[in-house]
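What follows is a short report on a single structure.
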Amino acid sequence: MPKRFRQLRLAAVCRLAAWCAASALVPVAAAQAPAQTAISAENQLKAVFLFNFAQFIAWPQGAFQSLQSPIIIGVLGDDPFGPYLDRVVQGEKIGNRPLVVRRYLRAEDAAECSILFISRSEAGDFDRVKEKLKGRSLLTVGDFAGFARLGGMVRFVTESGKIRLRINVFAAKAVGLTISSKLLAHATIVATEDN
Amino acid sequence: MRFQDKPIGLKLTAIILGTSAVVLLLTCTAFLAYDVFAFRKDSVRQLSTLGEIVATNSTGVLAFANQDDATEILAALRAERHIVAACLYDRQGRIFARYPAGTPDEAFPAAPETDGYHFESGHLVGFAPVEQVLGQRLGTLYLKSDMAALYDRLRLYAGIAILVIAVSSLVAYTLSRKLQQQISRPILALAETAKAVSDRQDYSVRAQKFGDDELGLLTAAFNHMLGQIQEQNMALQQAYDDLRQTQLAITQQERLRALGQMASGIAHDINNAISPASLYVESLLEREPNLSERTRTYLTTIQRAIDDVAQTVRRLREFYRKREPQLTLTPVDLNKSVEQVADLTRAHWAYTAQQRGIVIRMTTELAPAQLAVMGVESEIREALTNLIFNAVDAMPEGGTLTLRTGVVHGRAPGAGPAEPSFASVEVSDTGTGMDEETRRRCMEPFFTTKGERGTGLGLAMVYGTVRRHDAKIEIDSAPGRGTTVRLLFPLPTTVLELPPDDLPGPRPSSPLRILIVDDDAVLLDSLARTLAEEGHAVTQANGGQAGVEAFLEAQRSQRPFAVVITDLGMPHVDGHRVASVVKAASPGTPVFLLTGWGQGLPAEGGMPLHVDRVLTKPPKLRELREALAAV
C-alpha cells in the first residue's frame, strides 16, 4: 500500500514541527469560529468526526427501536467539546434519524448511545466501561493512548497537527457494526491486544 | 449575362445542383447540430458520471479531512485528459484539494455554486455534491473539462461534410447534365423549329416529339398549329394567286375588248374597201374569156392577195371574238383543218420568215383517211394557228415545222390496247425547245418567253380549247431538241357525217329583182354591177332609210323585190331595221345580211331576227350565186 507508506513517512518527517502546526491551526479555527475559543481546534475537528462517523457506520438491525429513533452521540466523562458538538449536530439528520448529543457520567447509562466518545477521564476505568457496554451495538471512540488496542473501536491520533484514525475493526464487528471502507481507507487498522 | 438569359440546359443543371447542394448542406448541418447536441449531452453525462465517482470516493477524505488522499484522488483525473481542472470544497466551501496540484485558488470559483453542469466559455464545468448519506453534505466537487474533443469532432465532421457535398455535387452534376436533356432537349427542339419557321417562313418544318408528357403535348400542339398555319397560308397564297390571276385576266380581257373594238372597226372598213376589188376580179376572171395571159395572171394574183387580206381580217376576228360559253360541236375533219391552217398561216411562216432572212420548211404528214372529231372548227383552227406561231417563234434560225395527224391507240381509259381512242394533231418544230421550268409553266395565262412581243395568252387559249373539247395536250420538249405539241381529241364512237366539201360553182340563177342597201357607194356600185352582169335587175339604195323607202315604194307599185341584200352597219337605220321593215311588209321576201364581221350578230350558229342568210364581206360571187339560187 504505497499510500500508507507515504502517509507514515510524512508523519515521521513532520513530527518535529508538530507543535508549530498545532499552534498554527488554533488561530485559524478561532478566526472562523470566534464563539468557540474555549474549545481547541483539534477538539472541534474531533467533534465533526464524531458526527461524520454516523454517516460511515451501519448499525445492525435492532439497534434502534424504530426508523425514526435518533442517533445518540454520547460523551462519557469529562466533555472536551462543550457546546460545539451540540452545534455541529444541530438540526442534522441521517436519513430519518435526528442526531442527539447526550453526556453521561456513568457507563451503564451510556448503553443507549449509538456513538460514544469515551473521554480521557475514563482511561483508567476503561475495562469497567467496556464491561458495562459489552454487547451493545455502539461505536466507541476515544483519544487516549492504547484505546483501540484495548478494545476501543476508533481512536483519534494526533500526528503532526493532523488527526489520524486508528480503528479496531474486530471490536466493531464483534458488536455487529459495519464500518464503511471509505472510513477504513483513512484509518490504521489495529486489533485488540491481550495484555 | 443574367441568370434568366442563360441557356435552359445550364439553368436546369444549376437548379438540380443547387437544390441537391442545399439539401445536402441542410442535412449535414442537421446531423452536425444533432451530433453537437448529443455530444454535449454525452459530455455532460460523462462528466457527471465521473463527478459522481470522484465525489463518492471523496466522502471519506472530506469527512475525515484527509487532504493528502484527497489530492491523490483528484490526481487520478490525469487519466481523463479533457479534465483541465478539478477541486474539492469542504463543508464550509473552502478549497480542500485541487487538481492539478499547486494550481492557485484564483483558477477555481471562490465558492461552490449550484450543483449541476453547464458550458462556460468553451468549457464544461460542474459542481457535484459530496455526500456519504443523502442530505448530509460533506463538501462539493468542482470539475472543469475542455471541449477539445467536440472541436476535434466538429472539424472532422466539417471535413466529411465538405467531401460529401463535393463528391455528391460532382455526381449530381454528371447526372443532371444527362437528365436535364429530358427537359431541355424537347424545348430546344421546339425553339429551333420556331426559329426556323420565323427565319425562313417555312411552315412545313415540324418539331421532333420526344415523349407524351406535357412537353410532348406542347410539341404536338405546336406542330398542329404549324400545320394549321401552313394550310391557311397555302389557302391564303392560293386565294392571292387566284385573285391576282383574275385581276390580270380581267385587265387583259379589258385590253382585248378595247383592241377587239378597234380591230372590229378596222376589219369592217377593210372588208368594205376590198369588196369591190374582190367582186370585180372574180367577175372579170369568170366573165372575160378573152383576157390576155398576163392580165389573167395578174388578176389571179390580185384575187389571192384579196383572199389573204380577207383571211387576215377573219383571223383577227376569230382571235378577238368574244367567247361564247356554250359551244355547238359539229363534226370537224382534222386533216382539213390542218390544211386550212397551213394555208392561213403561210404568210407568217413563209413570207415573214423570208423577210428575216431565215427559211422555215413546212411539211404535213396527214392520216390517210379523214379524221373526224366533234368540235368547233374555228377554235381548233385558232389553236393550231397559235401552235404554229409558237413553233415559228421557237426557230429564230429557221428549221422544219411539221404538222402531223394520226390515230393513237389504246390510251383511253377502258379501251383495248389496239383500239383507236384518240385523234391526234401534232405541231412539231426543230427549234430551241423548252427547259423544264418553261415546260411546266407554259400553259399559265400571261406566261411568255417572248417578252413584249408575246401576250402570254396563246397556249392558255390552246389549253382552254383543249379543255372545252375534252381533249388532252402533250408537250415533248427539251432545250435544243425542239418541241412537239400534241393535241389528243377523243374519237367519237359513231362515224361522223362531214359537211360536203366545196361544191362545183353554182350557175347563175334566173333573173331576180334585187334591192341592195349599203352606205358605201363604191361597194354598192360594184355589187350592183356584178349582180347586173349575172342578169338580175338591181336597185341600189344608199343607206338604210333609202333602202326602206325603195322597198316600200316597190311594194306599193306592185313590183316587189324578190330579195333584199342589206349591209348591217349603217348610220340611222341599220341592217336589222331594214330587215324588220321588209319582213313586216312582206314576210315572204328573203333578206340577206351582208356584214364586215361580227358586230351585232347573235351567238355563233344562230341567225339574226328577220334575216334569212348572212353573207360575209368581201362578198364572193360564188356565195352570192348560191344564196340567190336558193330563193
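For the C-alpha cells, the naming scheme is as follows: chains receive sequential letters (A, B, ...) according to their order of presentation, residues are indexed from 1 within each chain, and ligands are indexed from 1 in presentation order.
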
Could the residues of chain A that have an atom at most 8 Å from chain B be listed as JSON lines, each with its closest atom pair and the distance in Å to one decimal, counting only C-alpha atoms and ordered by chain and ascending residue number?
```
{"residue": "A:Lys3", "atom": "CA", "partner": "B:Asp69", "partner_atom": "CA", "distance": 7.9}
{"residue": "A:Phe49", "atom": "CA", "partner": "B:Phe64", "partner_atom": "CA", "distance": 6.3}
{"residue": "A:Asn52", "atom": "CA", "partner": "B:Ala63", "partner_atom": "CA", "distance": 5.9}
{"residue": "A:Gln55", "atom": "CA", "partner": "B:Val133", "partner_atom": "CA", "distance": 5.8}
{"residue": "A:Phe56", "atom": "CA", "partner": "B:Gln132", "partner_atom": "CA", "distance": 7.1}
{"residue": "A:Glu92", "atom": "CA", "partner": "B:Gln136", "partner_atom": "CA", "distance": 7.8}
{"residue": "A:Lys93", "atom": "CA", "partner": "B:Gln136", "partner_atom": "CA", "distance": 7.5}
{"residue": "A:Ile94", "atom": "CA", "partner": "B:Val133", "partner_atom": "CA", "distance": 6.7}
{"residue": "A:Gly95", "atom": "CA", "partner": "B:Leu134", "partner_atom": "CA", "distance": 6.8}
{"residue": "A:Lys182", "atom": "CA", "partner": "B:Gly60", "partner_atom": "CA", "distance": 5.1}
{"residue": "A:Leu183", "atom": "CA", "partner": "B:Gly60", "partner_atom": "CA", "distance": 5.6}
{"residue": "A:Ala185", "atom": "CA", "partner": "B:Gly60", "partner_atom": "CA", "distance": 7.7}
{"residue": "A:His186", "atom": "CA", "partner": "B:Asn66", "partner_atom": "CA", "distance": 7.1}
```

field: Spatial neighbours of A:Thr192, max dist 7 Å, only C-alpha atoms, sep filter under 5 positions, as a PyMOL selection string
entry: chain A and resi 148-151+168

- request: Can you list, as a PyMOL selection string, all residues belonging to stretch 220-400 of chain B that DSSP tags as alpha helix (DSSP H)?
  value: chain B and resi 220-287+293-320+334-344+346+353-355+377-393

field: Distance criterion (only C-alpha atoms): nearest to B:Arg94 out of B:Pro511, B:Gly122, B:Gly139, B:Pro289
entry: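 Nearest candidate to B:Arg94 out of B:Pro511, B:Gly122, B:Gly139, B:Pro289: B:Gly139.
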
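Residues lying within 6 Å of stretch 269-283 of chain B, counting only C-alpha atoms and ignoring same-chain neighbours fewer than 5 positions away, are Leu523, Ser526, Gly596, Lys617 and Pro618 of chain B.
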
Selected residues written out with N, CA and C atoms, as a PDB file, in the first residue's frame:
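The new file again01.pdb reads:
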```pdb
ATOM      1  N   LEU B 523     -68.899  50.152-152.819  1.00  0.00           N
ATOM      2  CA  LEU B 523     -69.282  48.757-152.685  1.00  0.00           C
ATOM      3  C   LEU B 523     -70.642  48.509-153.351  1.00  0.00           C
ATOM      4  N   SER B 526     -70.272  48.426-157.106  1.00  0.00           N
ATOM      5  CA  SER B 526     -69.611  47.219-157.628  1.00  0.00           C
ATOM      6  C   SER B 526     -70.521  46.008-157.488  1.00  0.00           C
ATOM      7  N   GLY B 596     -69.429  43.060-142.556  1.00  0.00           N
ATOM      8  CA  GLY B 596     -67.963  43.060-142.451  1.00  0.00           C
ATOM      9  C   GLY B 596     -67.536  41.982-141.480  1.00  0.00           C
ATOM     10  N   LYS B 617     -68.428  39.893-145.860  1.00  0.00           N
ATOM     11  CA  LYS B 617     -67.673  40.763-146.744  1.00  0.00           C
ATOM     12  C   LYS B 617     -66.233  40.323-146.694  1.00  0.00           C
ATOM     13  N   PRO B 618     -65.457  40.362-147.741  1.00  0.00           N
ATOM     14  CA  PRO B 618     -65.940  40.766-149.065  1.00  0.00           C
ATOM     15  C   PRO B 618     -66.813  39.670-149.680  1.00  0.00           C
TER      16      PRO B 618
END
```

- prompt: as number ranges by chain, which residues of stretch 58-301 of chain B does DSSP assign to strand (DSSP E or B)?
  reply: B: 83-90, 95-99, 116-120, 123-133, 136-146

- prompt: What is the atom CA of B:Pro112 to atom CA of B:Tyr89 distance in Å?
  reply: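 Taking atom CA of B:Pro112 as the start and atom CA of B:Tyr89 as the end point, the length is 7.0 Å.
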
- prompt: Hey, what's within 7 Å of B:Val84 if we count only C-alpha atoms and toss same-chain stuff fewer than 6 positions away? As an MDAnalysis selection string, please?
  reply: chainID B and resid 144:146

Selection from above, N, CA and C atoms, as a PDB file, in the first residue's frame, can you write it?
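Written file, again_25.pdb:
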```pdb
ATOM      1  N   LYS B 144     -13.745  20.749 -14.321  1.00  0.00           N
ATOM      2  CA  LYS B 144     -13.732  21.612 -15.497  1.00  0.00           C
ATOM      3  C   LYS B 144     -13.135  20.810 -16.658  1.00  0.00           C
ATOM      4  N   SER B 145     -13.921  20.690 -17.722  1.00  0.00           N
ATOM      5  CA  SER B 145     -13.479  19.871 -18.858  1.00  0.00           C
ATOM      6  C   SER B 145     -13.407  20.763 -20.095  1.00  0.00           C
ATOM      7  N   ASP B 146     -12.336  20.606 -20.835  1.00  0.00           N
ATOM      8  CA  ASP B 146     -12.297  21.399 -22.066  1.00  0.00           C
ATOM      9  C   ASP B 146     -13.137  20.699 -23.129  1.00  0.00           C
TER      10      ASP B 146
END
```

message: Taking 3 positions as the minimum chain separation for residues in the same chain, which residues sit within 10 Å of A:Gly152 when counting only C-alpha atoms? Answer as JSON, numbers by chain.
response: {"A": [118, 126, 127, 130, 139, 140, 141, 142, 143, 146, 147, 148, 149, 155, 166, 167, 168, 169, 170, 171, 172, 191, 192]}

- prompt: Looking at A:Leu67, A:Leu76, A:Leu116, A:Leu133, which one is nearest to A:Arg97, with distances taken over only C-alpha atoms?
  reply: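 Counting only C-alpha atoms, the residue closest to A:Arg97 is A:Leu67.
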
Can you tell me which residues surround B:Val373 at a distance of at most 9 Å, considering only C-alpha atoms, apart from same-chain residues fewer than 4 positions away, and format the answer as a compact mmCIF listing (two decimals) with all heavy atoms, in the first residue's frame?
```txt
# COMPACT_ATOMS: atom_id res chain seq x y z
N THR B 330 -69.65 20.52 -133.84
CA THR B 330 -70.05 19.93 -135.12
C THR B 330 -68.92 19.04 -135.58
O THR B 330 -67.79 19.19 -135.11
CB THR B 330 -70.29 21.03 -136.17
OG1 THR B 330 -69.12 21.84 -136.23
CG2 THR B 330 -71.48 21.88 -135.81
N PRO B 331 -69.20 18.11 -136.45
CA PRO B 331 -68.12 17.26 -136.93
C PRO B 331 -67.07 18.08 -137.64
O PRO B 331 -67.39 18.97 -138.43
CB PRO B 331 -68.82 16.29 -137.90
CG PRO B 331 -70.25 16.31 -137.48
CD PRO B 331 -70.51 17.69 -136.96
N VAL B 332 -65.81 17.82 -137.31
CA VAL B 332 -64.69 18.56 -137.91
C VAL B 332 -63.68 17.56 -138.44
O VAL B 332 -63.34 16.61 -137.73
CB VAL B 332 -64.02 19.47 -136.87
CG1 VAL B 332 -62.81 20.17 -137.46
CG2 VAL B 332 -65.01 20.48 -136.31
N ASP B 333 -63.22 17.77 -139.65
CA ASP B 333 -62.17 16.91 -140.19
C ASP B 333 -60.83 17.56 -139.87
O ASP B 333 -60.52 18.65 -140.34
CB ASP B 333 -62.34 16.76 -141.70
CG ASP B 333 -61.27 15.83 -142.29
OD1 ASP B 333 -60.42 15.34 -141.49
OD2 ASP B 333 -61.29 15.63 -143.52
N LEU B 334 -60.06 16.88 -139.02
CA LEU B 334 -58.80 17.47 -138.57
C LEU B 334 -57.83 17.65 -139.72
O LEU B 334 -57.08 18.62 -139.77
CB LEU B 334 -58.18 16.58 -137.47
CG LEU B 334 -58.91 16.61 -136.12
CD1 LEU B 334 -58.22 15.67 -135.15
CD2 LEU B 334 -58.98 18.00 -135.55
N ALA B 423 -57.80 10.97 -131.67
CA ALA B 423 -57.26 11.53 -132.91
C ALA B 423 -56.24 12.55 -132.48
O ALA B 423 -56.51 13.37 -131.59
CB ALA B 423 -58.37 12.21 -133.69
N PHE B 489 -57.69 14.48 -129.38
CA PHE B 489 -59.14 14.64 -129.28
C PHE B 489 -59.79 13.27 -129.17
O PHE B 489 -59.38 12.35 -129.87
CB PHE B 489 -59.69 15.36 -130.53
CG PHE B 489 -59.23 16.78 -130.66
CD1 PHE B 489 -58.04 17.10 -131.30
CD2 PHE B 489 -59.99 17.80 -130.09
CE1 PHE B 489 -57.63 18.40 -131.39
CE2 PHE B 489 -59.57 19.12 -130.19
CZ PHE B 489 -58.38 19.42 -130.83
N PRO B 490 -60.75 13.14 -128.29
CA PRO B 490 -61.40 11.83 -128.19
C PRO B 490 -62.10 11.49 -129.50
O PRO B 490 -62.79 12.34 -130.09
CB PRO B 490 -62.40 12.01 -127.04
CG PRO B 490 -62.54 13.48 -126.86
CD PRO B 490 -61.29 14.12 -127.35
N LEU B 491 -61.93 10.24 -129.92
CA LEU B 491 -62.59 9.82 -131.16
C LEU B 491 -64.04 9.50 -130.85
O LEU B 491 -64.34 8.84 -129.87
CB LEU B 491 -61.89 8.57 -131.72
CG LEU B 491 -60.67 8.82 -132.58
CD1 LEU B 491 -60.01 7.49 -132.92
CD2 LEU B 491 -61.03 9.58 -133.84
N PRO B 492 -64.94 10.00 -131.68
CA PRO B 492 -66.36 9.68 -131.44
C PRO B 492 -66.63 8.20 -131.67
O PRO B 492 -65.92 7.53 -132.43
CB PRO B 492 -67.09 10.55 -132.48
CG PRO B 492 -66.08 10.82 -133.53
CD PRO B 492 -64.73 10.79 -132.88
N LEU B 496 -68.91 9.89 -138.17
CA LEU B 496 -69.50 11.21 -138.34
C LEU B 496 -69.72 11.52 -139.81
O LEU B 496 -68.92 11.16 -140.67
CB LEU B 496 -68.57 12.26 -137.74
CG LEU B 496 -68.40 12.20 -136.22
CD1 LEU B 496 -67.37 13.21 -135.78
CD2 LEU B 496 -69.73 12.45 -135.54
```

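The space separating atom CA of B:Pro590 from atom CA of B:Ala630 comes to 9.9 Å.
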
I'd like the neighbourhood of B:Ala541 as a short mmCIF file (atom, residue, chain, number, x, y, z; two decimals) with N, CA, C and O atoms, in the first residue's frame, where a residue qualifies if any of its atoms comes within 8 Å (using only C-alpha atoms), though same-chain residues fewer than 6 positions away should be ignored.
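The result, stored in result31.cif:
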```cif
data_model
loop_
_atom_site.label_atom_id
_atom_site.label_comp_id
_atom_site.auth_asym_id
_atom_site.auth_seq_id
_atom_site.Cartn_x
_atom_site.Cartn_y
_atom_site.Cartn_z
N LEU B 515 -82.96 44.24 -154.33
CA LEU B 515 -82.69 45.54 -153.72
C LEU B 515 -81.42 45.39 -152.87
O LEU B 515 -81.35 44.52 -152.00
N ILE B 516 -80.41 46.21 -153.21
CA ILE B 516 -79.22 46.16 -152.36
C ILE B 516 -79.10 47.49 -151.61
O ILE B 516 -79.28 48.57 -152.19
N VAL B 517 -78.83 47.34 -150.28
CA VAL B 517 -78.78 48.52 -149.40
C VAL B 517 -77.40 48.56 -148.74
O VAL B 517 -76.98 47.60 -148.11
N ASP B 518 -76.72 49.68 -148.94
CA ASP B 518 -75.44 49.86 -148.27
C ASP B 518 -75.14 51.34 -148.19
O ASP B 518 -75.64 52.13 -148.98
N GLY B 547 -83.12 52.52 -148.44
CA GLY B 547 -83.45 51.12 -148.72
C GLY B 547 -84.89 50.84 -148.34
O GLY B 547 -85.66 50.24 -149.11
N ALA B 550 -87.28 52.58 -150.72
CA ALA B 550 -87.29 51.92 -152.03
C ALA B 550 -88.10 50.63 -151.97
O ALA B 550 -88.91 50.35 -152.87
#
```

task: Figure out the distance between atom CA of B:Leu524 and atom CA of B:Val538, please, to one decimal in Å.
output: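 Interatomic distance here is 10.4 Å.
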
- request: May I ask which of the residues A:Glu131, A:Asp109, A:Asp79, A:Glu42 is the closest one to A:Glu159, counting only C-alpha atoms?
  value: A:Glu42
